[in-house]
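S.K.: Can you keep this structure in mind? I'll have questions shortly.
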Amino acid sequence: MKQFEPLTRKFDAQPVRYLVVDDSVFARKSLARLIESFGGVLVGEAGDGVSAIAEYTRTKPDLVLMDITMPQMEGIEAVERIVQEHPEARIVMVSSVGYQDNILAALQKGARHFVQKPVKPDALYEIIRYVLNDDGVTAPAAAGENSR
Amino acid sequence: MRMDLIQPFIGSLDAVLAEMMKAPANIADMTMEEEGYCRKGTAAVVAFNGQIEGRIILDMDPAAAAYVAGLLAGTEVDPAEPMVSEAVCELANMVIGNAVTQLNDRGFQFKVLPPSILNEEQCAKAGQDSEATILCFETQHGVVYLNIAMHYLARRSHDHAPVAVA
């Protein structure tokens, strides 16, 4: 698998901490491999929206990768609840269902971006960089740009 | 069954398999079936409801299913391993999700439910209540079937728009 320039947190230069939420074990494994290739650390996993809320509170990740279609509680509702309690939460939706109404609903509830499955590693890397840089977490190249 | 509703599923399967397997999928056969569906290998079913209701079965022969599981797991997978079923579910999720995205963006409003493995009981019921279109795709790594049964229940949102009168 292609290795990317590691993404690190601007304030302490530590690897970015991720929470992955998807009802598919394979999707979680696949995202975990991508996170590793981005130089990140997987701090938690959840298979539905309810568990995602609990895992967020427990792990306080830098970034959440969240599926939409899941049992018990769907991703968009989980985003709303997490953002209500943690307005600083940075959540990127990762779903095969990417129609406009769905994306709009997720963004309105507080998600920062959307990636459609199957995930293209380069696209996800750029989106994560963009989303994290906005809140003081950055990749080396972006850090260079900011210090100018 | 309306071909304009089926076409996005064909395009989506082709695109997702091409992205994952790095090889094209060719349609080898297309049939209509009204009897109960007998799965050919490992099959996942995804139901949806809204303006379009129905279900789609993604059915992969053992070699193709194991190959996809290996790609998703990042390691070689034996066709008998339980994780193969999970992999077929995830592939179904991607194929059907991408097609549903296209249909929703064209004005058909409906929602997808999470995929599940098609067991023997569901298999027997799968074709009893509606006519299904079964598409057979050939890939370099085995055969993939797409069994589509859907009803078009309502007009699209923009079909309801008032027509300007000259």
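Residues are named by chain letter and number: chains run A, B, ... in the order of the structure tokens, numbers start at 1 in each chain, and ligands are numbered from 1 in the order shown.
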Env of Val115 in chain A: 10 Å cut, atoms = only C-alpha atoms, seq-sep filter 3 positions within chain, self excluded. Answer as a VMD selection string.
M.R.: chain A and resid 65 to 67 92 to 98 103 118 to 120 123 to 124 127
S.K.: How close does chain A get to chain B? List, as a Markdown table, each residue of chain A within 9 Å, its nearest atom pair and the distance in Å to one decimal, counting only C-alpha atoms.
M.R.:
```
| residue | atom | partner | partner_atom | distance |
| --- | --- | --- | --- | --- |
| A:Asp23 | CA | B:Pro114 | CA | 8.4 |
| A:Ser24 | CA | B:Glu90 | CA | 6.4 |
| A:Val25 | CA | B:Glu86 | CA | 7.2 |
| A:Phe26 | CA | B:Leu72 | CA | 6.2 |
| A:Ala27 | CA | B:Glu90 | CA | 7.0 |
| A:Lys29 | CA | B:Ala73 | CA | 7.0 |
| A:Ser30 | CA | B:Leu72 | CA | 6.3 |
| A:Arg33 | CA | B:Gly74 | CA | 8.8 |
| A:Thr69 | CA | B:Pro114 | CA | 5.9 |
| A:Met70 | CA | B:Pro114 | CA | 5.9 |
| A:Pro71 | CA | B:Pro114 | CA | 6.6 |
| A:Ser95 | CA | B:Gly97 | CA | 7.9 |
| A:Ser96 | CA | B:Gly97 | CA | 4.6 |
| A:Val97 | CA | B:Gly97 | CA | 4.3 |
| A:Gly98 | CA | B:Thr101 | CA | 5.3 |
| A:Tyr99 | CA | B:Thr101 | CA | 4.4 |
| A:Gln100 | CA | B:Asp105 | CA | 6.4 |
| A:Asp101 | CA | B:Asp105 | CA | 8.2 |
| A:Gln116 | CA | B:Asn98 | CA | 8.2 |
| A:Lys117 | CA | B:Met94 | CA | 6.1 |
| A:Pro118 | CA | B:Met94 | CA | 6.5 |
```
S.K.: Taking C-alpha atoms for each residue, export the selection above as a compact mmCIF listing (two decimals), in the first residue's frame.
M.R.:
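Output below, filename selection26.txt:
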```txt
# COMPACT_ATOMS: atom_id res chain seq x y z
CA ASP A 23 -21.05 -1.65 10.52
CA SER A 24 -18.81 -3.61 8.15
CA VAL A 25 -15.73 -5.21 9.69
CA PHE A 26 -14.07 -5.06 6.28
CA ALA A 27 -14.74 -1.37 5.87
CA LYS A 29 -10.17 -2.86 8.47
CA SER A 30 -9.75 -1.14 5.16
CA ARG A 33 -4.99 0.29 6.87
CA THR A 69 -26.17 3.40 6.63
CA MET A 70 -25.85 1.44 9.88
CA PRO A 71 -28.14 -0.54 12.20
CA SER A 95 -20.36 6.06 2.64
CA SER A 96 -21.36 4.37 -0.60
CA VAL A 97 -24.64 6.30 -0.47
CA GLY A 98 -23.67 9.78 -1.56
CA TYR A 99 -26.70 11.50 -3.02
CA GLN A 100 -27.02 15.24 -2.58
CA ASP A 101 -29.80 15.21 0.03
CA GLN A 116 -17.80 8.07 -1.35
CA LYS A 117 -16.92 4.36 -1.22
CA PRO A 118 -14.95 2.66 -2.64
```
S.K.: Have a look at B:Ile57, B:Val144, B:Val68, B:Cys38 and name the one nearest to Asn26 in chain B; count only C-alpha atoms.
M.R.: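 Between B:Ile57, B:Val144, B:Val68, B:Cys38, the residue approaching Asn26 in chain B most closely is B:Val144.
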S.K.: What does the distance from CA of Asp14 in chain B to CA of Ile27 in chain B come to in Å, to one decimal?
M.R.: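 Rounded to one decimal, the two atoms are 9.2 Å apart.
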S.K.: Enumerate, as a ChimeraX atom specification, the complete set of residues in range 74-128 of chain A that a backbone-based DSSP assignment places in strand (DSSP E or B).
M.R.: /A:91-95,113-116
S.K.: For CA of Ile56 in chain B and CA of Asn147 in chain B, determine how far apart the two atoms are, in Å to one decimal place.
M.R.: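 About the pair CA of Ile56 in chain B and CA of Asn147 in chain B: they are 5.6 Å apart.
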S.K.: Skipping near chain neighbours, those fewer than 4 positions away, what residues fall within 10 Å of Phe4 in chain A using only C-alpha atoms, listed as a count of residues only?
M.R.: 9
S.K.: Between A:Leu31, A:Arg17, A:Lys60, A:Ile53, single out the one closest to Gln84 in chain A, counting only C-alpha atoms.
M.R.: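 Going through A:Leu31, A:Arg17, A:Lys60, A:Ile53 one by one, the smallest distance to Gln84 in chain A is for A:Ile53.
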S.K.: Pick from A:Ala52, A:Val16, A:Val131, A:Ala32: nearest to Ile82 in chain A, with only C-alpha atoms counted?
M.R.: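 Using only C-alpha atoms, Ile82 in chain A sits closest to A:Ala52.
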S.K.: Of the residues B:Asp61, B:Asp29, B:Asp4, B:Glu34, which is the one nearest to Glu131 in chain B, using only C-alpha atoms?
M.R.: B:Glu34
